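S.K.: Here you go, this is coords13.pdb (PDB, C-alpha atoms, pLDDT in the B column).
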```
ATOM      1  CA  MET A   1      78.064  49.878 -70.520  1.00 59.00           C
ATOM      2  CA  ALA A   2      78.256  50.176 -66.748  1.00 67.00           C
ATOM      3  CA  MET A   3      79.999  47.600 -64.604  1.00 73.00           C
ATOM      4  CA  PRO A   4      77.477  45.474 -62.689  1.00 80.00           C
ATOM      5  CA  THR A   5      77.581  45.527 -58.910  1.00 81.00           C
ATOM      6  CA  ARG A   6      77.318  42.641 -56.486  1.00 81.00           C
ATOM      7  CA  PRO A   7      74.029  43.100 -54.581  1.00 79.00           C
ATOM      8  CA  ARG A   8      73.749  42.912 -50.807  1.00 77.00           C
ATOM      9  CA  ASP A   9      70.705  40.631 -50.968  1.00 79.00           C
ATOM     10  CA  GLY A  10      70.279  37.489 -53.039  1.00 74.00           C
ATOM     11  CA  ARG A  11      73.898  36.379 -52.722  1.00 77.00           C
ATOM     12  CA  MET A  12      74.833  32.718 -52.638  1.00 81.00           C
ATOM     13  CA  ILE A  13      78.630  32.998 -52.430  1.00 83.00           C
ATOM     14  CA  ALA A  14      79.875  36.398 -53.530  1.00 87.00           C
ATOM     15  CA  GLY A  15      76.957  37.831 -55.490  1.00 87.00           C
ATOM     16  CA  VAL A  16      78.640  37.613 -58.880  1.00 90.00           C
ATOM     17  CA  CYS A  17      75.834  35.648 -60.545  1.00 90.00           C
ATOM     18  CA  ALA A  18      73.166  37.852 -58.934  1.00 90.00           C
ATOM     19  CA  GLY A  19      74.940  40.973 -60.171  1.00 90.00           C
ATOM     20  CA  LEU A  20      75.284  39.619 -63.699  1.00 90.00           C
ATOM     21  CA  ALA A  21      71.628  38.544 -63.682  1.00 91.00           C
ATOM     22  CA  ARG A  22      70.522  42.016 -62.618  1.00 89.00           C
ATOM     23  CA  ARG A  23      72.690  43.616 -65.316  1.00 90.00           C
ATOM     24  CA  PHE A  24      71.378  41.396 -68.129  1.00 91.00           C
ATOM     25  CA  GLY A  25      67.745  41.243 -66.958  1.00 93.00           C
ATOM     26  CA  THR A  26      67.461  37.579 -66.074  1.00 94.00           C
ATOM     27  CA  THR A  27      67.101  35.590 -62.861  1.00 94.00           C
ATOM     28  CA  PRO A  28      70.070  34.727 -60.662  1.00 92.00           C
ATOM     29  CA  THR A  29      69.064  31.062 -60.811  1.00 93.00           C
ATOM     30  CA  THR A  30      69.447  31.069 -64.597  1.00 95.00           C
ATOM     31  CA  VAL A  31      72.927  32.570 -64.407  1.00 94.00           C
ATOM     32  CA  ARG A  32      73.931  30.098 -61.675  1.00 93.00           C
ATOM     33  CA  VAL A  33      72.714  27.111 -63.714  1.00 95.00           C
ATOM     34  CA  VAL A  34      74.546  28.357 -66.809  1.00 94.00           C
ATOM     35  CA  PHE A  35      77.718  28.808 -64.758  1.00 93.00           C
ATOM     36  CA  VAL A  36      77.527  25.326 -63.200  1.00 92.00           C
ATOM     37  CA  VAL A  37      76.839  23.692 -66.569  1.00 94.00           C
ATOM     38  CA  SER A  38      79.700  25.656 -68.153  1.00 93.00           C
ATOM     39  CA  CYS A  39      82.044  24.304 -65.473  1.00 90.00           C
ATOM     40  CA  LEU A  40      81.518  20.852 -66.990  1.00 93.00           C
ATOM     41  CA  LEU A  41      83.231  22.115 -70.152  1.00 92.00           C
ATOM     42  CA  PRO A  42      86.957  22.744 -70.372  1.00 94.00           C
ATOM     43  CA  GLY A  43      88.001  26.328 -69.810  1.00 90.00           C
ATOM     44  CA  PRO A  44      88.773  28.969 -67.207  1.00 92.00           C
ATOM     45  CA  GLN A  45      85.215  29.459 -65.895  1.00 91.00           C
ATOM     46  CA  PHE A  46      86.164  29.259 -62.226  1.00 89.00           C
ATOM     47  CA  LEU A  47      89.045  31.699 -62.716  1.00 93.00           C
ATOM     48  CA  LEU A  48      86.669  34.080 -64.496  1.00 91.00           C
ATOM     49  CA  TYR A  49      84.291  33.888 -61.513  1.00 89.00           C
ATOM     50  CA  LEU A  50      87.159  34.712 -59.129  1.00 91.00           C
ATOM     51  CA  ALA A  51      88.255  37.617 -61.324  1.00 93.00           C
ATOM     52  CA  LEU A  52      84.720  39.009 -61.414  1.00 89.00           C
ATOM     53  CA  TRP A  53      84.476  38.626 -57.629  1.00 89.00           C
ATOM     54  CA  VAL A  54      87.548  40.833 -57.253  1.00 90.00           C
ATOM     55  CA  MET A  55      86.674  43.323 -60.025  1.00 88.00           C
ATOM     56  CA  MET A  56      82.920  43.823 -59.430  1.00 86.00           C
ATOM     57  CA  PRO A  57      82.287  46.399 -56.723  1.00 84.00           C
ATOM     58  CA  SER A  58      79.925  45.528 -53.932  1.00 85.00           C
ATOM     59  CA  GLU A  59      76.658  47.444 -53.995  1.00 76.00           C
ATOM     60  CA  GLU A  60      77.359  49.353 -50.788  1.00 71.00           C
ATOM     61  CA  LYS A  61      80.813  50.437 -52.022  1.00 65.00           C
ATOM     62  CA  ALA A  62      79.544  51.490 -55.456  1.00 57.00           C
ATOM     63  CA  HIS A  63      76.921  53.849 -54.019  1.00 58.00           C
ATOM     64  CA  SER A  64      78.966  55.353 -51.201  1.00 58.00           C
ATOM     65  CA  PRO A  65      80.386  58.836 -51.696  1.00 60.00           C
ATOM     66  CA  ALA A  66      84.059  58.992 -52.624  1.00 56.00           C
ATOM     67  CA  TRP A  67      86.012  61.026 -50.056  1.00 56.00           C
TER      68      TRP A  67
END
```
If you convert what's in this file into structure tokens, what do you get?
M.R.:
Amino acid sequence: MAMPTRPRDGRMIAGVCAGLARRFGTTPTTVRVVFVVSCLLPGPQFLLYLALWVMMPSEEKAHSPAW
């Protein structure tokens, strides 16, 4: 399973939700709503978002040739 990338277009903050939506075949709005609702529950949701922001490559970096 390939790591999703953060797209250049359709970003709200960092593109994490848009990248996950593209990877799982759903709309970015759906992923954003699920994330916001999950933040109402106890758990490390915000830390997971930050970790994905750091770990997910941006679309332009993922498709550039490695020198």
S.K.: What do you get, as a list of chain:residue names, if you spell out every residue that the PyMOL selection byres ((chain A and resi 52) around 12) selects here?
M.R.: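 Listing what the PyMOL selection byres ((chain A and resi 52) around 12) selects in the shown file: A:Met3, A:Pro4, A:Thr5, A:Arg6, A:Ala14, A:Gly15, A:Val16, A:Cys17, A:Ala18, A:Gly19, A:Leu20, A:Gln45, A:Phe46, A:Leu47, A:Leu48, A:Tyr49, A:Leu50, A:Ala51, A:Trp53, A:Val54, A:Met55, A:Met56, A:Pro57, A:Ser58.
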S.K.: Quick one: everything within 8 Å of Val31 (chain A), counting only C-alpha atoms, minus sequence neighbours fewer than 2 positions away in the same chain. Send it as a PyMOL selection string.
M.R.: chain A and resi 17-18+20-21+26-29+33-35
S.K.: Can you work out the spacing between CA of Glu59 (chain A) and CA of Val37 (chain A) in Å, to one decimal?
M.R.: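 Between CA of Glu59 (chain A) and CA of Val37 (chain A) the gap is 26.9 Å.
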S.K.: So what do you get for CA of Gly10 (chain A) versus CA of Gly25 (chain A), distance-wise?
M.R.: 14.6 Å
S.K.: Record the distance separating CA of Asp9 (chain A) and CA of Arg23 (chain A), expressed in Å with one decimal.
M.R.: 14.8 Å
